[in-house]
Amino acid sequence: MAENKIPYKIYLDENEMPNAWYNVRADMKNKPAPLLNPGTHQPMTAEELGGVFCGELVAQELDNENAYIEIPQEIKDFYKMYRPSPLVRAYYLEKYLQTPAKIYYKFEGNNTSGSHKLNSAIAQAYYAKKQGLKGVTTETGAGQWGTALSMACSYFGLDCKVFMVKVSYEQKPFRREVMRVYGSSVTPSPSMETEIGQKINAEHPGTTGSLGCAISEAVEVAVKNPGYRYVLGSVLNQVILHQSVIGLETKAALDKYGVKPDIIIGCAGGGSNLGGLVSPFAGEMLRGEADYEIIAVEPASCPSFTRGVYAYDFCDTGMVCPLAKMYTLGSDFIPSANHAGGLRYHGMSPILSQLYDDGYIKAVSVEQTKVFEAAEQFARVEGILPAPESSHAIRVAIDQALKCKETGEEKTIVFGLTGTGYFDMVAYEQFHDGTMTDYIPTDEELKKFRDKLPKFD
Ligand SMILES: *Cc1c(COP(=O)(O)O)cnc(C)c1O
């Protein structure tokens with residue numbers, strides 16, 4: 001285990017923000033499995049990863065030893081514009097539910113991108129700039145990551161090429177325009193600009209795209225254009241590291257008030273907000289200092305943790321990215337068309353996957369109409385219009401608080417409110433009009449995708 005177990009308190013600066021990110025891998029006995037080269041099935045070397053990612057980010061990706069990694073001053077200067085983010089006691093929700101539980105939420109929607117993704121976007125843009133790159137490429141689904149990265153690239157004067165899943169590009173024109181405000185180019189994916197896009201378009205005429213497919217296009221453009229690298233907004237170890245700022249601030253604020261949470265809840269798409277929120281708490285568990293109930297919440301229509309398998313899989317449809325060992329539904333899995341609540345990635349962060357496999361975190365899946373019910377209850381009493389993704393965590397926080405009402409337990413619940421839902425009004429509209437349905441994939445359907453997982457001899 002790592003040597004530098006300096007208490008995080010030393011790492012708070014005068015603005016009550018951490019000076020260093022916390023790397024939970026340092027305290028994990030079972031490290032997350034390494035990324036593998038898709039051709040040789042050997043662990044990816046720093047040199048190989050350097051062809052796709054920025055140098056310092058590769059170092060962070062591979063660093064399983066250092067518990068703290070200092071946050072560069074330039075990044076802290078940017079964080080200062082919207083951090084520390086508020087940790088709010090949900091008094092009105094508690095009152096509405098008539099629960100003896102105490103509910104807190106960490107609100108990450110307090111910036112123009114509307115989500116926690118900016119925490120990693122600014123770090124990734126900073127290291128790209130420092131390396132002297134011209135620009136970066138990426139994919140975006142619903143658009144929060146693309147927006148966050150556009151803001152970050154604009155701040156550092158980097159070019160930003162975003163491949164946006166075609167269905168979102170068409171259904172969410174306002175997200176696209178926000179990205180263009182910050183100077184990014186936005187291409188609907190699959191496009192005809194890349195070889196993989198042409199191939200996917202030929203094989204699946206009229207396809208509306210998927211995240212896995214947009215990732216393949218973005219990687220191809222980064223690899224083919226000198227001075228460009230690819231960046232990813234979730235799943236990777238480096239992203240969980242950057243997002244630890246959420247957990248460190250939460251822990252600092254709770255400690256200041258002498259509050260120890262019993263239950264910590266976060267929604268889980270690729271795992272970045274949950275990983276960041278729980279990192280310092282999981283660190284305490286791993287070191288045997290404290291115990292918490294950590295709950296990952298995922299959509300019943302995209303249940304990577306609760307119904308996936310822990311195996312090496314491709315991160316993208318085009319199979320150009322390294323293989324990651326993770327809880328996965330299979331890289332071809334695409335949630336049903338009526339799924340509106342985000343969190344649609346087929347895999348889960350290797351760090352969280354290992355923590356889940358080792359029993360440090362639990363997972364539950366929830367149906368989307370129940371998620372929107374919770375979203376609306378929350379908006380009506382607490383004021384904030386939550387993102388559908390975030391509302392998965394709200395759903396389970398409410399369920400846990402109602403359980404406390406039955407048992408009379410005064411538990412303290414903390415959940416991550418990852419963002420706002422202003423660009424998700426089509427989904428809210430479906431909910432109001434009663435056209436939203438709950439589609440849960442059958443075992444046979446899931447098996448079809450699972451059977452296509454890469455095989456090792
Ligand atoms: C992207 C996003 C998520 C899910 O991504 P994770 O990597 O699992 O955190 C959750 N909430 C919001 C608002 C998002 O934009």
# chains A, B, ... in the order shown; residues from 1 in each chain; ligands from 1
call {"tool": "residues_near_ligand", "arguments": {"ligand": "ligand 1", "cutoff": "6 Å", "atoms": "only C-alpha atoms and all ligand atoms", "output": "ChimeraX atom specification"}}
result
/A:115,144,234,268-274,343,387,389-390,418-419
call {"tool": "write_last_selection", "arguments": {"atoms": "N, CA, C and O atoms", "output": "JSON list (two decimals), in the first residue's frame"}}
result
[["chain", "number", "residue", "atom", "x", "y", "z"],
["A", 115, "SER", "N", -22.82, 20.06, -15.32],
["A", 115, "SER", "CA", -22.52, 18.78, -14.68],
["A", 115, "SER", "C", -21.11, 18.77, -14.10],
["A", 115, "SER", "O", -20.33, 19.70, -14.30],
["A", 144, "GLN", "N", -23.30, 16.65, -22.30],
["A", 144, "GLN", "CA", -22.67, 17.32, -21.16],
["A", 144, "GLN", "C", -21.15, 17.27, -21.25],
["A", 144, "GLN", "O", -20.48, 18.26, -20.96],
["A", 234, "SER", "N", -15.21, 9.82, -18.93],
["A", 234, "SER", "CA", -15.63, 8.93, -17.84],
["A", 234, "SER", "C", -14.79, 7.66, -17.90],
["A", 234, "SER", "O", -13.81, 7.61, -18.66],
["A", 268, "ALA", "N", -24.59, 5.90, -11.71],
["A", 268, "ALA", "CA", -23.42, 5.31, -12.36],
["A", 268, "ALA", "C", -23.67, 5.09, -13.85],
["A", 268, "ALA", "O", -24.50, 4.27, -14.23],
["A", 269, "GLY", "N", -22.97, 5.87, -14.66],
["A", 269, "GLY", "CA", -22.97, 5.66, -16.11],
["A", 269, "GLY", "C", -21.68, 4.94, -16.44],
["A", 269, "GLY", "O", -21.61, 3.72, -16.53],
["A", 270, "GLY", "N", -20.59, 5.73, -16.57],
["A", 270, "GLY", "CA", -19.26, 5.15, -16.68],
["A", 270, "GLY", "C", -18.55, 5.11, -15.35],
["A", 270, "GLY", "O", -17.47, 4.56, -15.22],
["A", 271, "GLY", "N", -19.15, 5.77, -14.34],
["A", 271, "GLY", "CA", -18.63, 5.70, -12.98],
["A", 271, "GLY", "C", -17.84, 6.89, -12.49],
["A", 271, "GLY", "O", -17.30, 6.84, -11.38],
["A", 272, "SER", "N", -17.78, 7.98, -13.27],
["A", 272, "SER", "CA", -16.85, 9.04, -12.86],
["A", 272, "SER", "C", -17.34, 9.86, -11.67],
["A", 272, "SER", "O", -16.57, 10.14, -10.76],
["A", 273, "ASN", "N", -18.63, 10.22, -11.65],
["A", 273, "ASN", "CA", -19.07, 11.04, -10.50],
["A", 273, "ASN", "C", -19.10, 10.19, -9.24],
["A", 273, "ASN", "O", -18.67, 10.63, -8.17],
["A", 274, "LEU", "N", -19.60, 8.96, -9.37],
["A", 274, "LEU", "CA", -19.66, 8.08, -8.20],
["A", 274, "LEU", "C", -18.24, 7.78, -7.69],
["A", 274, "LEU", "O", -17.96, 7.88, -6.49],
["A", 343, "LEU", "N", -26.98, 7.72, -18.85],
["A", 343, "LEU", "CA", -26.28, 6.57, -18.25],
["A", 343, "LEU", "C", -26.35, 5.36, -19.18],
["A", 343, "LEU", "O", -26.64, 4.25, -18.75],
["A", 387, "ALA", "N", -30.87, 16.80, -13.52],
["A", 387, "ALA", "CA", -30.64, 16.01, -14.73],
["A", 387, "ALA", "C", -31.24, 14.62, -14.51],
["A", 387, "ALA", "O", -31.25, 14.12, -13.39],
["A", 389, "GLU", "N", -29.96, 11.82, -15.24],
["A", 389, "GLU", "CA", -28.90, 10.96, -14.69],
["A", 389, "GLU", "C", -28.85, 11.09, -13.17],
["A", 389, "GLU", "O", -28.89, 10.09, -12.44],
["A", 390, "SER", "N", -28.77, 12.34, -12.72],
["A", 390, "SER", "CA", -28.68, 12.61, -11.27],
["A", 390, "SER", "C", -29.89, 12.05, -10.53],
["A", 390, "SER", "O", -29.79, 11.66, -9.36],
["A", 418, "THR", "N", -25.51, 15.36, -9.71],
["A", 418, "THR", "CA", -24.44, 15.62, -10.67],
["A", 418, "THR", "C", -24.71, 16.77, -11.64],
["A", 418, "THR", "O", -23.78, 17.32, -12.21],
["A", 419, "GLY", "N", -25.99, 17.13, -11.84],
["A", 419, "GLY", "CA", -26.22, 18.20, -12.81],
["A", 419, "GLY", "C", -27.67, 18.62, -12.93],
["A", 419, "GLY", "O", -28.56, 18.06, -12.29]]
call {"tool": "select_by_dssp", "arguments": {"residues": "region 39-140 of chain A", "states": "strand (DSSP E)", "output": "JSON, numbers by chain"}}
result
{"A": [68, 69, 70, 87, 88, 89, 102, 103, 104, 105, 106, 107, 135, 136, 137, 138, 139, 140]}
call {"tool": "write_last_selection", "arguments": {"atoms": "C-alpha atoms", "output": "PDB file, in the first residue's frame"}}
result
ATOM      1  CA  TYR A  68      -2.127  12.150  -3.722  1.00  0.00           C
ATOM      2  CA  ILE A  69      -1.396  13.956  -6.963  1.00  0.00           C
ATOM      3  CA  GLU A  70      -1.032  17.701  -6.701  1.00  0.00           C
ATOM      4  CA  LEU A  87     -23.040  20.593  -0.139  1.00  0.00           C
ATOM      5  CA  VAL A  88     -26.694  21.165   0.738  1.00  0.00           C
ATOM      6  CA  ARG A  89     -28.851  19.741   3.511  1.00  0.00           C
ATOM      7  CA  LYS A 102     -30.778  13.488   7.328  1.00  0.00           C
ATOM      8  CA  ILE A 103     -30.233  14.006   3.611  1.00  0.00           C
ATOM      9  CA  TYR A 104     -27.367  15.940   2.029  1.00  0.00           C
ATOM     10  CA  TYR A 105     -26.528  16.408  -1.624  1.00  0.00           C
ATOM     11  CA  LYS A 106     -23.371  17.601  -3.337  1.00  0.00           C
ATOM     12  CA  PHE A 107     -24.477  19.811  -6.229  1.00  0.00           C
ATOM     13  CA  GLY A 135      -6.295  20.168 -30.086  1.00  0.00           C
ATOM     14  CA  VAL A 136      -8.287  17.231 -28.828  1.00  0.00           C
ATOM     15  CA  THR A 137     -11.074  14.993 -30.116  1.00  0.00           C
ATOM     16  CA  THR A 138     -13.855  13.352 -28.197  1.00  0.00           C
ATOM     17  CA  GLU A 139     -17.337  11.868 -28.343  1.00  0.00           C
ATOM     18  CA  THR A 140     -20.447  13.035 -26.581  1.00  0.00           C
TER      19      THR A 140
END
call {"tool": "closest_residue", "arguments": {"among": "A:Glu410, A:Glu108, A:Asp77, A:Asp63", "to": "Gly247 (chain A)", "atoms": "only C-alpha atoms"}}
result
A:Glu108
call {"tool": "closest_residue", "arguments": {"among": "A:Lys455, A:Val231, A:Thr194, A:Lys80", "to": "Gly50 (chain A)", "atoms": "only C-alpha atoms"}}
result
A:Val231
call {"tool": "residues_around", "arguments": {"residues": "region 425-434 of chain A", "least_positions_apart": "4", "cutoff": "8 Å", "atoms": "only C-alpha atoms", "output": "mmCIF file with N, CA, C and O atoms, in the first residue's frame"}}
result
data_model
loop_
_atom_site.group_PDB
_atom_site.id
_atom_site.type_symbol
_atom_site.label_atom_id
_atom_site.label_comp_id
_atom_site.auth_asym_id
_atom_site.auth_seq_id
_atom_site.Cartn_x
_atom_site.Cartn_y
_atom_site.Cartn_z
ATOM 1 N N ALA A 340 -34.614 7.296 -21.883
ATOM 2 C CA ALA A 340 -34.406 8.746 -21.977
ATOM 3 C C ALA A 340 -33.503 9.296 -20.881
ATOM 4 O O ALA A 340 -33.169 10.464 -20.883
ATOM 5 N N GLY A 341 -33.134 8.443 -19.955
ATOM 6 C CA GLY A 341 -32.511 8.966 -18.743
ATOM 7 C C GLY A 341 -30.997 8.991 -18.696
ATOM 8 O O GLY A 341 -30.415 9.121 -17.627
ATOM 9 N N THR A 369 -39.459 5.608 -15.166
ATOM 10 C CA THR A 369 -40.599 6.426 -14.709
ATOM 11 C C THR A 369 -40.467 6.725 -13.208
ATOM 12 O O THR A 369 -40.823 7.809 -12.754
ATOM 13 N N PHE A 372 -38.041 9.630 -12.872
ATOM 14 C CA PHE A 372 -38.609 10.950 -13.155
ATOM 15 C C PHE A 372 -39.601 11.382 -12.074
ATOM 16 O O PHE A 372 -39.727 12.568 -11.782
ATOM 17 N N GLY A 421 -31.124 19.699 -15.450
ATOM 18 C CA GLY A 421 -31.812 19.018 -16.539
ATOM 19 C C GLY A 421 -32.440 19.914 -17.595
ATOM 20 O O GLY A 421 -33.327 19.476 -18.317
#
call {"tool": "closest_residue", "arguments": {"among": "A:Ala142, A:Ile71, A:Val181, A:Cys267", "to": "Val167 (chain A)", "atoms": "only C-alpha atoms"}}
result
A:Ala142
call {"tool": "select_by_dssp", "arguments": {"residues": "region 232-407 of chain A", "states": "alpha helix (DSSP H)", "output": "PyMOL selection string"}}
result
chain A and resi 237-256+272-286+304-307+350-357+368-382+388-407
call {"tool": "atom_distance", "arguments": {"atom1": "CA of Ala222 (chain A)", "atom2": "CA of Gln243 (chain A)"}}
result
24.1 Å
call {"tool": "closest_residue", "arguments": {"among": "A:Ala393, A:Leu355, A:Ala337, A:Val162", "to": "Ile440 (chain A)", "atoms": "only C-alpha atoms"}}
result
A:Ala337
call {"tool": "closest_residue", "arguments": {"among": "A:Val278, A:Ile294, A:Pro454, A:Pro226", "to": "Ala311 (chain A)", "atoms": "only C-alpha atoms"}}
result
A:Pro454
call {"tool": "residues_around", "arguments": {"residues": "region 148-151 of chain A", "least_positions_apart": "6", "cutoff": "10 Å", "atoms": "only C-alpha atoms", "output": "ChimeraX atom specification"}}
result
/A:111-125,136-138,140,157-162,178-185,231-233
